[in-house]
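The structure appears right after this line, and notes come after that.
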Amino acid sequence: MPATIEELARCKTIYTELPGWSEDITKAKSFAELPRNAQDYVKFIEEQTNIPITWIGNGPKREEMIIKH
């Protein structure tokens with residue numbers, strides 16, 4: 001995050017559109033069970049942030065989490 005409002009005003013937004021998915025992911029228990037486009041979305045975020053994603057929520061409940069290895 002820029003340190004000042006002036007620096008923030010000079011920032012440019014970069015948008016990347018990715019294909020979505022319509023499959024129900026609430027029953028997925030592993031990363032491999034997610035639709036290919038969902039997997040690609042997670043990988044894209046990892047690449048852009050240079051941070052590995054290890055937890056993926058696929059529903060509102062605590063037990064509806066996928067642990068990505």
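Identifiers in the structure tokens: chain A, B, ... in order shown; residue index from 1 per chain; ligand index from 1 in order shown.
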Residue neighbourhood A:Ala32, 12 Å, only C-alpha atoms, exclusion window fewer than 6 positions, as a ChimeraX atom specification: /A:25,38-40,42,66-69
Keeping C-alpha atoms for every residue in the selection just given, could you write it to a file as a compact mmCIF listing (two decimals), in the first residue's frame?
```txt
# COMPACT_ATOMS: atom_id res chain seq x y z
CA ILE A 25 -17.94 -26.79 -5.09
CA ALA A 38 -11.35 -22.81 -9.78
CA GLN A 39 -7.94 -24.46 -9.48
CA ASP A 40 -6.53 -22.07 -12.08
CA VAL A 42 -6.25 -20.20 -6.92
CA ILE A 66 -10.09 -27.53 1.73
CA ILE A 67 -6.47 -27.86 2.77
CA LYS A 68 -4.28 -27.38 -0.29
CA HIS A 69 -0.94 -29.17 -0.02
```
Exercise: A:Ile14 partners within 12 Å, only C-alpha atoms, chain neighbours under 3 positions left out, as number ranges by chain: A: 11, 17, 48
Atom CA of A:Leu18 to atom CA of A:Ile51, distance in Å rounded to a single decimal: 19.0 Å
Residues of chain A in strand (DSSP E), written as a PyMOL selection string: chain A and resi 55-57+65-67
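Between atom CA of A:Pro52 and atom CA of A:Ser30 the separation is 15.8 Å.
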Which of chain A DSSP labels helix (DSSP H, G or I), written as a ChimeraX atom specification: /A:5-9,31-33,36-49
One-decimal distance in Å that lies between atom CA of A:Pro19 and atom CA of A:Met1: 27.7 Å
Surrounding residues of A:Asn37 excluding itself and chain neighbours under 6 positions, 10 Å, only C-alpha atoms, as a list of chain:residue names: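 Listed by chain and then number, they are A:Leu18, A:Pro19, A:Gly20, A:Trp21, A:Ser22, A:Glu23, A:Lys43.
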With C-alpha atoms retained, export the selected residues as a CSV table (one decimal), in the first residue's frame.
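Okay, this is what ended up in selection.csv:
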```
chain,number,residue,atom,x,y,z
A,18,LEU,CA,-10.4,-15.3,-15.7
A,19,PRO,CA,-12.9,-17.9,-16.8
A,20,GLY,CA,-15.4,-18.7,-14.1
A,21,TRP,CA,-17.2,-22.0,-13.2
A,22,SER,CA,-20.8,-22.9,-12.5
A,23,GLU,CA,-20.2,-26.3,-10.8
A,43,LYS,CA,-3.0,-20.7,-8.8
```
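Distances from A:Pro2, A:Lys12, A:Phe31, A:Arg36 to A:Thr54 were compared using only C-alpha atoms, and the smallest one belongs to A:Phe31.
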